[in-house]
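> Sharing protein.cif here; it has mmCIF, C-alpha atoms and all ligand atoms.
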```cif
data_model
loop_
_atom_site.label_atom_id
_atom_site.label_comp_id
_atom_site.auth_asym_id
_atom_site.auth_seq_id
_atom_site.Cartn_x
_atom_site.Cartn_y
_atom_site.Cartn_z
CA MET A 292 -83.48 52.04 -66.60
CA ILE A 293 -80.67 51.62 -64.11
CA LEU A 294 -78.75 48.38 -64.58
CA LYS A 295 -78.30 46.58 -61.28
CA GLY A 296 -76.49 43.57 -59.92
CA THR A 297 -78.38 40.38 -59.13
CA PHE A 298 -79.06 40.07 -55.43
CA PRO A 299 -81.30 37.82 -53.33
CA THR A 300 -83.21 40.94 -52.32
CA GLU A 301 -86.15 39.16 -50.68
CA LYS A 302 -83.75 37.27 -48.41
CA PHE A 303 -81.89 40.49 -47.62
CA LYS A 304 -85.09 42.01 -46.20
CA SER A 305 -84.96 39.83 -43.11
CA LEU A 306 -81.28 40.51 -42.37
CA ALA A 307 -79.86 43.17 -40.04
CA THR A 308 -78.03 45.89 -41.97
CA PRO A 309 -75.44 47.03 -42.82
CA PHE A 310 -73.68 43.87 -43.99
CA TYR A 311 -71.26 42.72 -46.66
CA PHE A 312 -72.64 40.38 -49.29
CA TYR A 313 -70.23 38.19 -51.24
CA ASP A 314 -71.11 36.61 -54.57
CA ILE A 315 -69.18 33.37 -54.21
CA THR A 316 -69.89 32.28 -57.78
CA LEU A 317 -68.20 35.43 -59.10
CA LEU A 318 -65.28 34.97 -56.70
CA LYS A 319 -64.77 31.43 -58.01
CA GLU A 320 -65.06 32.52 -61.64
CA THR A 321 -62.48 35.21 -60.98
CA LEU A 322 -60.15 32.70 -59.33
CA ASN A 323 -60.54 30.32 -62.27
CA THR A 324 -59.66 33.15 -64.66
CA VAL A 325 -56.56 34.18 -62.67
CA LYS A 326 -55.39 30.58 -62.49
CA THR A 327 -55.90 29.99 -66.21
CA GLU A 328 -54.26 33.24 -67.31
CA ALA A 329 -51.28 33.00 -64.93
CA GLY A 330 -51.03 29.29 -65.68
CA LYS A 331 -50.40 30.00 -69.37
CA TYR A 332 -46.94 31.26 -68.44
CA GLY A 333 -46.33 29.26 -65.26
CA TYR A 334 -46.62 32.42 -63.09
CA HIS A 335 -47.19 32.10 -59.33
CA VAL A 336 -50.02 34.08 -57.72
CA HIS A 337 -49.99 35.07 -54.04
CA TYR A 338 -53.28 36.68 -53.02
CA ALA A 339 -52.75 39.95 -51.10
CA VAL A 340 -54.53 39.19 -47.84
CA LYS A 341 -54.79 42.88 -46.97
CA ALA A 342 -57.55 43.32 -49.56
CA ASN A 343 -59.94 41.06 -47.71
CA ALA A 344 -59.07 38.83 -44.78
CA ASN A 345 -62.57 37.47 -44.15
CA PRO A 346 -61.88 33.82 -43.13
CA ARG A 347 -64.49 32.36 -45.51
CA ILE A 348 -63.09 34.33 -48.46
CA LEU A 349 -59.53 33.40 -47.52
CA SER A 350 -60.31 29.71 -47.30
CA ILE A 351 -61.95 29.70 -50.75
CA ILE A 352 -58.88 31.42 -52.24
CA ALA A 353 -56.60 28.92 -50.47
CA GLU A 354 -58.65 26.03 -51.91
CA TYR A 355 -57.85 27.30 -55.41
CA GLY A 356 -54.19 26.78 -54.70
CA LEU A 357 -53.02 30.41 -54.57
CA GLY A 358 -50.29 31.55 -52.23
CA ALA A 359 -50.64 34.47 -49.81
CA ASP A 360 -48.99 37.87 -49.66
CA CYS A 361 -48.98 39.10 -46.06
CA VAL A 362 -47.99 42.39 -44.44
CA SER A 363 -48.22 41.53 -40.74
CA GLY A 364 -47.99 38.67 -38.29
CA GLY A 365 -51.77 38.79 -38.02
CA GLU A 366 -52.08 38.24 -41.75
CA ILE A 367 -49.54 35.39 -41.70
CA GLN A 368 -51.61 33.72 -38.98
CA ALA A 369 -54.89 34.35 -40.84
CA ALA A 370 -53.39 32.87 -44.02
CA LEU A 371 -52.11 29.77 -42.17
CA ASP A 372 -55.47 29.33 -40.42
CA ALA A 373 -57.27 29.53 -43.77
CA GLY A 374 -55.12 26.74 -45.20
CA PHE A 375 -52.48 28.60 -47.25
CA PRO A 376 -49.28 26.54 -47.10
CA ALA A 377 -46.36 28.39 -45.46
CA ARG A 378 -44.21 27.58 -48.50
CA LYS A 379 -46.47 29.86 -50.56
CA ILE A 380 -46.46 32.80 -48.12
CA VAL A 381 -44.52 35.97 -48.86
CA TYR A 382 -44.20 38.68 -46.23
CA ALA A 383 -43.61 42.38 -46.97
CA GLY A 384 -43.82 45.50 -44.81
CA VAL A 385 -41.55 48.38 -43.85
CA GLY A 386 -42.05 47.83 -40.13
CA LYS A 387 -41.87 44.16 -39.28
CA ALA A 388 -41.84 43.65 -35.50
CA ASP A 389 -39.62 40.95 -33.97
CA TRP A 390 -42.55 38.69 -33.08
CA GLU A 391 -43.81 38.95 -36.65
CA ILE A 392 -40.44 38.00 -38.12
CA ASN A 393 -40.21 35.12 -35.64
CA LEU A 394 -43.64 33.87 -36.69
CA GLY A 395 -42.45 33.82 -40.29
CA LEU A 396 -39.22 32.05 -39.34
CA ASP A 397 -40.97 29.47 -37.16
CA ASN A 398 -43.28 28.59 -40.03
CA ASP A 399 -40.53 28.60 -42.67
CA ILE A 400 -42.44 30.94 -44.97
CA PHE A 401 -41.35 31.09 -48.60
CA CYS A 402 -39.90 34.59 -48.56
CA PHE A 403 -39.41 37.77 -46.56
CA ASN A 404 -39.66 40.80 -48.82
CA VAL A 405 -37.07 42.97 -47.12
CA GLU A 406 -37.46 46.74 -47.29
CA SER A 407 -34.29 48.15 -45.71
CA ALA A 408 -30.72 47.43 -44.59
CA ALA A 409 -31.83 47.98 -40.99
CA GLU A 410 -34.44 45.26 -41.33
CA LEU A 411 -31.90 42.87 -42.89
CA GLU A 412 -29.66 43.12 -39.84
CA ILE A 413 -32.50 42.29 -37.47
CA LEU A 414 -33.64 39.41 -39.65
CA GLU A 415 -30.07 38.04 -39.59
CA GLU A 416 -30.01 38.29 -35.79
CA LEU A 417 -33.39 36.61 -35.30
CA ALA A 418 -32.67 33.86 -37.86
CA ALA A 419 -29.26 33.20 -36.26
CA ALA A 420 -30.90 32.81 -32.84
CA LYS A 421 -33.05 30.04 -34.31
CA ASN A 422 -30.22 28.55 -36.31
CA LYS A 423 -32.18 29.12 -39.50
CA VAL A 424 -31.56 30.73 -42.85
CA ALA A 425 -34.23 33.21 -43.94
CA SER A 426 -35.07 33.31 -47.65
CA ILE A 427 -35.42 36.88 -48.77
CA ALA A 428 -36.29 39.03 -51.75
CA LEU A 429 -35.11 42.62 -51.78
CA ARG A 430 -38.05 44.95 -52.21
CA ILE A 431 -36.75 47.53 -54.59
CA ASN A 432 -38.37 50.90 -55.06
CA PRO A 433 -38.27 50.99 -58.86
CA GLU A 434 -39.14 54.70 -59.27
CA VAL A 435 -41.96 53.96 -61.67
CA ASP A 436 -45.01 56.21 -61.53
CA ALA A 437 -48.21 54.17 -61.28
CA HIS A 438 -50.44 57.13 -62.22
CA THR A 439 -52.91 56.27 -59.51
CA HIS A 440 -54.21 58.06 -56.38
CA ALA A 441 -51.32 59.60 -54.38
CA LYS A 442 -52.38 57.69 -51.25
CA ILE A 443 -51.95 54.33 -52.99
CA THR A 444 -48.75 55.03 -54.95
CA THR A 445 -45.77 53.15 -53.57
CA GLY A 446 -43.01 52.96 -56.16
CA MET A 447 -41.63 56.51 -56.08
CA LYS A 448 -38.54 57.88 -54.33
CA GLU A 449 -40.61 59.81 -51.80
CA ASN A 450 -42.56 56.72 -50.70
CA LYS A 451 -41.45 54.86 -47.58
CA PHE A 452 -41.43 51.49 -49.34
CA GLY A 453 -38.54 49.44 -50.64
CA ILE A 454 -34.86 50.01 -51.15
CA ASN A 455 -33.91 52.97 -53.33
CA LEU A 456 -32.14 52.03 -56.55
CA SER A 457 -29.17 54.21 -55.59
CA GLN A 458 -28.67 52.18 -52.39
CA LEU A 459 -29.08 48.73 -53.92
CA GLY A 460 -25.32 48.14 -54.25
CA GLN A 461 -24.68 48.74 -50.55
CA VAL A 462 -27.55 46.48 -49.53
CA LEU A 463 -26.31 43.71 -51.82
CA ASP A 464 -22.86 43.93 -50.20
CA LEU A 465 -24.53 43.56 -46.82
CA VAL A 466 -26.58 40.54 -47.96
CA CYS A 467 -23.40 38.78 -49.07
CA ARG A 468 -21.91 39.22 -45.59
CA LEU A 469 -24.89 37.81 -43.68
CA GLU A 470 -24.84 34.08 -42.99
CA HIS A 471 -28.46 33.52 -42.08
CA ILE A 472 -29.88 35.27 -45.10
CA LYS A 473 -30.35 33.74 -48.54
CA LEU A 474 -31.18 36.07 -51.40
CA ILE A 475 -33.75 34.32 -53.59
CA GLY A 476 -35.38 37.18 -55.43
CA ILE A 477 -36.30 40.74 -56.06
CA HIS A 478 -39.67 42.29 -55.38
CA CYS A 479 -41.38 45.47 -56.57
CA HIS A 480 -44.86 46.90 -56.06
CA ILE A 481 -45.64 50.24 -57.62
CA GLY A 482 -49.14 50.96 -56.38
CA SER A 483 -52.76 49.95 -56.50
CA GLN A 484 -55.85 50.45 -58.73
CA ILE A 485 -53.62 50.71 -61.81
CA THR A 486 -55.61 50.55 -65.03
CA ASP A 487 -53.00 51.87 -67.44
CA MET A 488 -50.84 48.97 -68.61
CA ALA A 489 -48.07 51.48 -69.47
CA ALA A 490 -47.20 51.61 -65.75
CA PHE A 491 -46.63 47.84 -65.69
CA ARG A 492 -44.62 48.07 -68.92
CA GLY A 493 -42.41 50.66 -67.22
CA LEU A 494 -41.99 48.32 -64.27
CA VAL A 495 -40.91 45.36 -66.40
CA ILE A 496 -38.40 47.48 -68.29
CA ARG A 497 -36.95 48.70 -64.99
CA VAL A 498 -36.69 45.14 -63.67
CA ASN A 499 -34.87 44.10 -66.85
CA GLU A 500 -32.34 46.85 -66.11
CA ILE A 501 -32.03 45.81 -62.47
CA GLN A 502 -31.33 42.23 -63.53
CA GLU A 503 -28.46 43.46 -65.67
CA GLU A 504 -27.03 45.34 -62.72
CA LEU A 505 -27.30 42.24 -60.55
CA GLU A 506 -25.59 40.12 -63.17
CA ALA A 507 -22.80 42.64 -63.48
CA ARG A 508 -22.19 41.89 -59.79
CA GLY A 509 -22.35 38.15 -60.41
CA ILE A 510 -25.76 37.80 -58.73
CA LYS A 511 -28.49 35.65 -60.18
CA VAL A 512 -31.90 35.52 -58.50
CA GLU A 513 -34.41 32.71 -58.90
CA ASN A 514 -37.55 34.75 -58.28
CA LEU A 515 -39.00 37.97 -59.64
CA ASN A 516 -42.04 39.31 -57.78
CA PHE A 517 -44.00 42.16 -59.38
CA GLY A 518 -46.42 42.82 -56.50
CA GLY A 519 -50.06 43.62 -57.13
CA GLY A 520 -51.85 46.66 -58.39
CA LEU A 521 -54.13 45.62 -61.25
CA GLY A 522 -57.18 47.90 -61.09
CA ILE A 523 -60.86 47.12 -61.57
CA ASP A 524 -63.73 48.97 -63.25
CA TYR A 525 -65.62 50.64 -60.40
CA TYR A 526 -67.98 52.27 -62.92
CA HIS A 527 -69.17 49.10 -64.64
CA PRO A 528 -69.28 46.23 -62.15
CA ASN A 529 -72.23 44.73 -64.04
CA HIS A 530 -70.51 44.75 -67.44
CA LEU A 531 -66.95 44.02 -66.36
CA PRO A 532 -67.02 41.87 -63.26
CA ILE A 533 -63.69 40.13 -64.01
CA PRO A 534 -60.58 42.23 -64.70
CA ALA A 535 -58.56 41.64 -67.85
CA PHE A 536 -55.98 39.30 -66.35
CA ASP A 537 -55.12 38.12 -69.88
CA ASN A 538 -53.85 41.57 -70.93
CA TYR A 539 -52.10 42.06 -67.63
CA PHE A 540 -50.03 38.87 -67.64
CA ALA A 541 -49.37 39.26 -71.39
CA VAL A 542 -47.48 42.53 -70.66
CA PHE A 543 -45.02 40.63 -68.47
CA ASN A 544 -44.75 37.70 -70.82
CA LYS A 545 -44.01 39.99 -73.73
CA LEU A 546 -41.42 42.29 -72.18
CA LEU A 547 -39.75 40.44 -69.35
CA GLN A 548 -36.28 39.10 -70.07
CA LEU A 549 -36.40 35.93 -68.04
CA ARG A 550 -33.24 33.96 -67.27
CA PRO A 551 -33.41 30.16 -67.44
CA GLY A 552 -35.19 28.67 -64.45
CA GLN A 553 -36.50 31.98 -63.11
CA GLN A 554 -39.92 32.00 -61.46
CA VAL A 555 -42.32 34.93 -61.72
CA HIS A 556 -44.65 35.94 -58.89
CA PHE A 557 -47.58 38.33 -58.46
CA GLU A 558 -49.54 39.62 -55.46
CA PRO A 559 -52.98 40.71 -56.66
CA GLY A 560 -55.54 41.72 -54.06
CA ARG A 561 -58.21 44.07 -55.36
CA SER A 562 -58.53 42.43 -58.78
CA ILE A 563 -59.47 39.11 -57.15
CA VAL A 564 -61.99 40.18 -54.52
CA ALA A 565 -63.32 43.68 -55.26
CA GLN A 566 -66.18 42.88 -57.60
CA CYS A 567 -67.61 39.96 -55.64
CA GLY A 568 -68.43 42.12 -52.60
CA SER A 569 -71.16 44.68 -52.01
CA LEU A 570 -72.00 46.61 -48.89
CA ILE A 571 -75.74 46.39 -48.30
CA SER A 572 -77.23 49.22 -46.31
CA LYS A 573 -80.68 50.49 -45.40
CA VAL A 574 -82.05 53.96 -45.99
CA LEU A 575 -82.79 55.53 -42.61
CA TYR A 576 -84.08 58.88 -43.78
CA VAL A 577 -84.52 60.96 -46.88
CA LYS A 578 -83.79 64.49 -45.82
CA VAL A 579 -84.79 67.31 -48.11
CA GLY A 580 -82.44 70.22 -47.52
CA GLU A 581 -82.49 73.69 -49.03
CA THR A 582 -80.22 72.82 -51.96
CA LYS A 583 -79.75 69.07 -51.65
CA LYS A 584 -81.67 65.92 -51.07
CA PHE A 585 -79.81 63.57 -48.73
CA CYS A 586 -80.23 59.84 -48.70
CA ILE A 587 -79.07 58.89 -45.21
CA LEU A 588 -77.89 55.29 -44.84
CA ASP A 589 -77.27 53.11 -41.81
CA ALA A 590 -73.74 52.42 -43.15
CA GLY A 591 -71.01 55.02 -42.90
CA PHE A 592 -67.29 55.30 -43.42
CA THR A 593 -66.94 52.91 -40.49
CA GLU A 594 -68.08 50.16 -42.87
CA LEU A 595 -66.56 51.47 -46.13
CA ILE A 596 -63.88 54.12 -45.78
CA ARG A 597 -62.69 54.33 -49.40
CA PRO A 598 -64.84 57.30 -50.49
CA ALA A 599 -63.84 59.34 -47.42
CA MET A 600 -60.19 58.35 -47.52
CA TYR A 601 -59.34 58.27 -51.22
CA ASP A 602 -62.30 60.09 -52.82
CA ALA A 603 -63.08 56.69 -54.27
CA TYR A 604 -66.14 56.07 -56.40
CA HIS A 605 -68.43 53.14 -55.62
CA ARG A 606 -71.48 52.55 -57.76
CA MET A 607 -74.70 52.69 -55.75
CA GLU A 608 -77.98 51.00 -56.60
CA ASN A 609 -81.35 51.12 -54.86
CA ILE A 610 -82.15 47.43 -55.11
CA THR A 611 -85.67 47.69 -53.66
CA SER A 612 -87.08 50.50 -55.83
CA ASP A 613 -87.76 50.85 -59.53
CA GLU A 614 -89.35 54.25 -59.15
CA GLU A 615 -88.27 57.29 -61.10
CA VAL A 616 -84.60 58.25 -60.83
CA GLU A 617 -83.74 61.11 -58.47
CA VAL A 618 -80.47 62.74 -57.47
CA TYR A 619 -79.18 62.42 -53.91
CA ASP A 620 -76.12 63.02 -51.84
CA VAL A 621 -75.72 59.60 -50.26
CA VAL A 622 -74.33 59.90 -46.73
CA GLY A 623 -73.79 57.86 -43.59
CA PRO A 624 -74.65 58.47 -39.95
CA ILE A 625 -71.10 59.19 -38.69
CA CYS A 626 -70.54 62.57 -37.06
CA GLU A 627 -68.06 63.85 -39.64
CA SER A 628 -68.68 65.82 -42.82
CA SER A 629 -66.44 63.42 -44.72
CA ASP A 630 -68.97 60.64 -44.17
CA VAL A 631 -70.28 60.90 -47.71
CA PHE A 632 -70.48 57.95 -50.11
CA GLY A 633 -71.25 60.07 -53.14
CA LYS A 634 -72.59 63.43 -54.26
CA ASP A 635 -75.30 63.88 -56.89
CA VAL A 636 -75.88 60.16 -57.16
CA GLU A 637 -78.68 58.91 -59.39
CA LEU A 638 -80.85 56.41 -57.55
CA ASN A 639 -84.34 55.09 -58.02
CA ARG A 640 -86.49 57.19 -55.69
CA ALA A 641 -85.56 56.23 -52.13
CA HIS A 642 -87.80 55.68 -49.13
CA ARG A 643 -87.04 54.75 -45.55
CA GLY A 644 -86.28 51.03 -45.43
CA ASP A 645 -84.99 50.72 -49.00
CA LEU A 646 -81.81 48.70 -49.50
CA ILE A 647 -78.87 50.37 -51.18
CA ALA A 648 -76.03 48.27 -52.59
CA LEU A 649 -72.58 49.88 -52.67
CA ARG A 650 -70.84 47.87 -55.35
CA SER A 651 -67.25 46.71 -55.88
CA ALA A 652 -66.64 46.77 -52.14
CA GLY A 653 -65.05 43.34 -51.73
CA ALA A 654 -61.53 44.79 -51.59
CA TYR A 655 -60.43 47.16 -48.83
CA GLY A 656 -64.02 47.30 -47.56
CA GLU A 657 -64.84 44.94 -44.71
CA VAL A 658 -61.18 44.63 -43.80
CA MET A 659 -60.82 48.40 -43.24
CA ALA A 660 -63.97 48.74 -41.11
CA SER A 661 -63.63 50.47 -37.76
CA GLN A 662 -65.63 50.87 -34.58
CA TYR A 663 -65.51 54.66 -34.53
CA ASN A 664 -68.57 56.15 -32.84
CA CYS A 665 -68.78 52.84 -30.88
CA ARG A 666 -70.33 51.11 -33.85
CA LYS A 667 -70.43 47.36 -34.36
CA LEU A 668 -68.25 45.82 -37.06
CA PRO A 669 -70.28 44.79 -40.13
CA THR A 670 -71.34 41.17 -40.57
CA ALA A 671 -71.05 39.19 -43.81
CA HIS A 672 -73.36 36.93 -45.83
CA TYR A 673 -72.48 34.70 -48.76
CA SER A 674 -74.45 33.87 -51.90
CA ASP A 675 -73.95 30.12 -51.52
CA THR A 676 -75.19 29.83 -47.95
CA MET A 677 -78.30 32.02 -48.08
N1 LIG B 701 -48.35 43.81 -52.68
C1 LIG B 701 -47.99 44.83 -51.90
C2 LIG B 701 -46.61 44.88 -51.43
C3 LIG B 701 -48.93 45.83 -51.56
O1 LIG B 701 -48.55 46.84 -50.79
C4 LIG B 701 -50.25 45.75 -52.05
C5 LIG B 701 -51.25 46.77 -51.72
C6 LIG B 701 -50.59 44.63 -52.86
C7 LIG B 701 -49.62 43.69 -53.17
C8 LIG B 701 -51.97 44.44 -53.42
O2 LIG B 701 -52.32 45.45 -54.30
P1 LIG B 701 -53.69 45.35 -55.13
O3 LIG B 701 -53.55 44.21 -56.11
O4 LIG B 701 -54.79 45.13 -54.18
O5 LIG B 701 -53.76 46.66 -55.79
N2 LIG B 701 -56.63 50.59 -49.24
C9 LIG B 701 -56.35 51.05 -50.59
C10 LIG B 701 -55.37 50.14 -51.31
C11 LIG B 701 -54.05 49.97 -50.58
C12 LIG B 701 -53.12 49.00 -51.25
C13 LIG B 701 -51.95 48.69 -50.39
N3 LIG B 701 -51.02 47.75 -50.93
C14 LIG B 701 -57.65 51.19 -51.35
O6 LIG B 701 -58.71 50.96 -50.77
O7 LIG B 701 -57.66 51.56 -52.53
#
```
Please go through the file and, once you have read it, give me the structure as structure tokens.
Ligand code: LLP


Amino acid sequence: MILKGTFPTEKFKSLATPFYFYDITLLKETLNTVKTEAGKYGYHVHYAVKANANPRILSIIAEYGLGADCVSGGEIQAALDAGFPARKIVYAGVGKADWEINLGLDNDIFCFNVESAAELEILEELAAAKNKVASIALRINPEVDAHTHAKITTGMKENKFGINLSQLGQVLDLVCRLEHIKLIGIHCHIGSQITDMAAFRGLVIRVNEIQEELEARGIKVENLNFGGGLGIDYYHPNHLPIPAFDNYFAVFNKLLQLRPGQQVHFEPGRSIVAQCGSLISKVLYVKVGETKKFCILDAGFTELIRPAMYDAYHRMENITSDEEVEVYDVVGPICESSDVFGKDVELNRAHRGDLIALRSAGAYGEVMASQYNCRKLPTAHYSDTM
């Protein structure tokens, strides 16, 4: 027996595919868990909008009182439109354009996470032109290996993100000279889909060291931001729908040497939204090749690019068949050989018209969809409005 998620399958049958389906009850349970676990230590949580910027999802997250972590002017606007207060918005990114910085300044966002000396100088210029003082955190590249996929590792010397530890002194000197910049914190983000807590332990230890360096220079910061990165269980979405936020926050609480009055911030994306979303797709054809049986779906990497881009695994379930299990290569219709969702996938025997759920697709799914091959962007449906 293949264990499957619970879906309103009969209702799905009348809907045009492919589409994203969001389990709003699970999203809310996840948000309650994050709030409770972070709340135990008074930690602040800014949802990483990049994981899923669907307006309905954003507005639910805003209702729960989280802040927003944005990486573009578009995301700042989406967060404001969804009801996130500007005073809870943080803004990171190695390539902030002038209009994006201005949008942040005009709305008095909580903090710019600054990634280079070059960016600092432009921020100073733009803030001065508006007679404002920009609150900033220095995004430091902590040189901690996240042991995750190379394409989603960010905290190593060779990555483009953050200020290298060896250059921190120079940047701090610059900050002290700038009149329209106020240093309020330090920020680090080491990567994504991190399931080994040792990586986060390494990060906290590094931040403790950085704090000592800052203090040696007479600098005290009010805010420490540890970014996002907590991974989810892509293999067991039915057993483990909510990530272990308790263990995650406990690592920081245990090891972090907090100074009086310091505030701690996080920017989780995937761990909040991944498990509540599934991509629902229809089987177009079952093609029996010489060595393989292909299950050809009407969704492709245009709707969910993670398998093609990061060799990511997404659990697949045939939610309209309980027939004997067979092995398929599950592929999409896009004209590229990389348009494969999974090889040798066990599915209940598939027929044209069956619905296949690609699980754990709520993060970096809908938001990364493209119109390649002149396809339409996927639509979305929600458990509470069906
Ligand atoms: N903060 C910063 C500065 C980030 O760059 C990211 C993710 C996050 C927070 C949120 O990380 P999370 O909690 O979601 O791991 N498209 C890739 C993931 C890219 C992550 C980019 N940065 C994927 O599909 O796996």

> I'd like the contact shell of region 338-345 of chain A - 10 Å cut-off, all atoms listed in the file, skipping same-chain residues fewer than 3 positions apart - returned as a ChimeraX atom specification.

/A:335,348-350,352-353,357-363,365-367,369-370,373,375,379-382,518-520,557-565,568,652-659,671

> Counting all atoms listed in the file, figure out which residue out of A:Ala441, A:Gly522, A:Phe298, A:Lys421 gets nearest to Ile315 (chain A).

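Nearest candidate to Ile315 (chain A) out of A:Ala441, A:Gly522, A:Phe298, A:Lys421: A:Phe298.
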
> Using all atoms listed in the file, which of the listed residues (A:His642, A:Gly623, A:Ser572, A:Pro376) sits closest to Thr300 (chain A)?

A:Ser572

> Determine the axis-aligned bounding box of all atoms of region 591-596 of chain A present in the file, pad each side by 3 Å, and express its centre and edge lengths in Å to one decimal place as JSON.


```
{"center_x": -67.4, "center_y": 52.7, "center_z": -43.3, "size_x": 13.1, "size_y": 11.1, "size_z": 11.6}
```

> At a cut-off of 10 Å, using all atoms listed in the file, what residues contact Tyr332 (chain A)? Leave out same-chain residues fewer than 4 positions from it and give the result as a VMD selection string.

chain A and resid 327 to 328 540 to 541 543 to 544 554 to 555

> Can you write out the residues you just picked, keeping C-alpha atoms, as a PDB file, in the frame of the given file?


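Listed below is the output, result.pdb:
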```pdb
ATOM      1  CA  THR A 327     -55.900  29.990 -66.210  1.00  0.00           C
ATOM      2  CA  GLU A 328     -54.260  33.240 -67.310  1.00  0.00           C
ATOM      3  CA  PHE A 540     -50.030  38.870 -67.640  1.00  0.00           C
ATOM      4  CA  ALA A 541     -49.370  39.260 -71.390  1.00  0.00           C
ATOM      5  CA  PHE A 543     -45.020  40.630 -68.470  1.00  0.00           C
ATOM      6  CA  ASN A 544     -44.750  37.700 -70.820  1.00  0.00           C
ATOM      7  CA  GLN A 554     -39.920  32.000 -61.460  1.00  0.00           C
ATOM      8  CA  VAL A 555     -42.320  34.930 -61.720  1.00  0.00           C
TER       9      VAL A 555
END
```

> I need the residue nearest ligand LIG 701 (chain B) from this list: A:Phe585, A:Trp390, A:Phe536, A:Tyr355. Use only C-alpha atoms and all ligand atoms for the distance.

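Using only C-alpha atoms and all ligand atoms, the shortest distance to ligand LIG 701 (chain B) belongs to A:Phe536.
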
> Can you tell me how far CA of Ser651 (chain A) sits from CA of Gly453 (chain A), in Å to one decimal?

29.3 Å

> Using only C-alpha atoms and all ligand atoms, which residue out of A:Leu371, A:Ala408, A:Ala641, A:Ile596 lies closest to ligand LIG 701 (chain B)?

A:Ile596

> Please identify all polymer residues within 7 Å of Phe312 (chain A), counting only C-alpha atoms, omitting same-chain residues fewer than 2 positions from it, and present them as a PyMOL selection string.

chain A and resi 310+314+568-571+671-673

> For the atom pair CA of Asn404 (chain A) and CA of Arg430 (chain A), what is the interatomic distance in Å to one decimal place?

5.6 Å

> Which residue gives the smallest distance to Arg643 (chain A) among A:Glu503, A:Asp589, A:Asp389, A:Glu410, with only C-alpha atoms counted?

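Looking at the shortest contact to Arg643 (chain A), the residue is A:Asp589.
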
> Using only C-alpha atoms, determine which residues lie at most 8 Å from Ile625 (chain A), disregarding the query and same-chain residues fewer than 2 positions distant; provide the list as a list in words.

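In the requested format, the answer is Gly591, Phe592, Thr593, Gly623, Glu627, Asp630 and Asn664 of chain A.
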
> Can you write just those residues out, C-alpha atoms, as a PDB file, keeping the file's coordinate frame?


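Here's the written file result_26.pdb:
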```pdb
ATOM      1  CA  GLY A 591     -71.010  55.020 -42.900  1.00  0.00           C
ATOM      2  CA  PHE A 592     -67.290  55.300 -43.420  1.00  0.00           C
ATOM      3  CA  THR A 593     -66.940  52.910 -40.490  1.00  0.00           C
ATOM      4  CA  GLY A 623     -73.790  57.860 -43.590  1.00  0.00           C
ATOM      5  CA  GLU A 627     -68.060  63.850 -39.640  1.00  0.00           C
ATOM      6  CA  ASP A 630     -68.970  60.640 -44.170  1.00  0.00           C
ATOM      7  CA  ASN A 664     -68.570  56.150 -32.840  1.00  0.00           C
TER       8      ASN A 664
END
```

> Pick out the residues sitting within 9 Å of Cys402 (chain A), and hand them over as a VMD selection string; count only C-alpha atoms, and ignore anything fewer than 2 positions along from it in its own chain.

chain A and resid 378 to 383 395 399 to 400 404 to 405 425 to 428 475 to 476

> Using only C-alpha atoms and all ligand atoms, find the one residue out of A:Met600, A:Leu575, A:Leu396, A:Leu546 that sits nearest to ligand LIG 701 (chain B).

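Smallest separation from ligand LIG 701 (chain B) among the options: A:Met600.
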
> Please indicate the distance in Å from CA of His440 (chain A) to CA of Lys319 (chain A), rounded to one decimal place.

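Computed distance, CA of His440 (chain A) to CA of Lys319 (chain A), equals 28.7 Å.
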
> Using all atoms listed in the file, what residues lie at most 12 Å away from (-74.6, 43.9, -66.4) (file coordinates), given as a ChimeraX atom specification?

/A:293-297,526-533

> Can you spit out the residues from that selection as an mmCIF file, keeping the file's coordinate frame, using C-alpha atoms?


```
data_model
loop_
_atom_site.group_PDB
_atom_site.id
_atom_site.type_symbol
_atom_site.label_atom_id
_atom_site.label_comp_id
_atom_site.auth_asym_id
_atom_site.auth_seq_id
_atom_site.Cartn_x
_atom_site.Cartn_y
_atom_site.Cartn_z
ATOM 1 C CA ILE A 293 -80.670 51.620 -64.110
ATOM 2 C CA LEU A 294 -78.750 48.380 -64.580
ATOM 3 C CA LYS A 295 -78.300 46.580 -61.280
ATOM 4 C CA GLY A 296 -76.490 43.570 -59.920
ATOM 5 C CA THR A 297 -78.380 40.380 -59.130
ATOM 6 C CA TYR A 526 -67.980 52.270 -62.920
ATOM 7 C CA HIS A 527 -69.170 49.100 -64.640
ATOM 8 C CA PRO A 528 -69.280 46.230 -62.150
ATOM 9 C CA ASN A 529 -72.230 44.730 -64.040
ATOM 10 C CA HIS A 530 -70.510 44.750 -67.440
ATOM 11 C CA LEU A 531 -66.950 44.020 -66.360
ATOM 12 C CA PRO A 532 -67.020 41.870 -63.260
ATOM 13 C CA ILE A 533 -63.690 40.130 -64.010
#
```
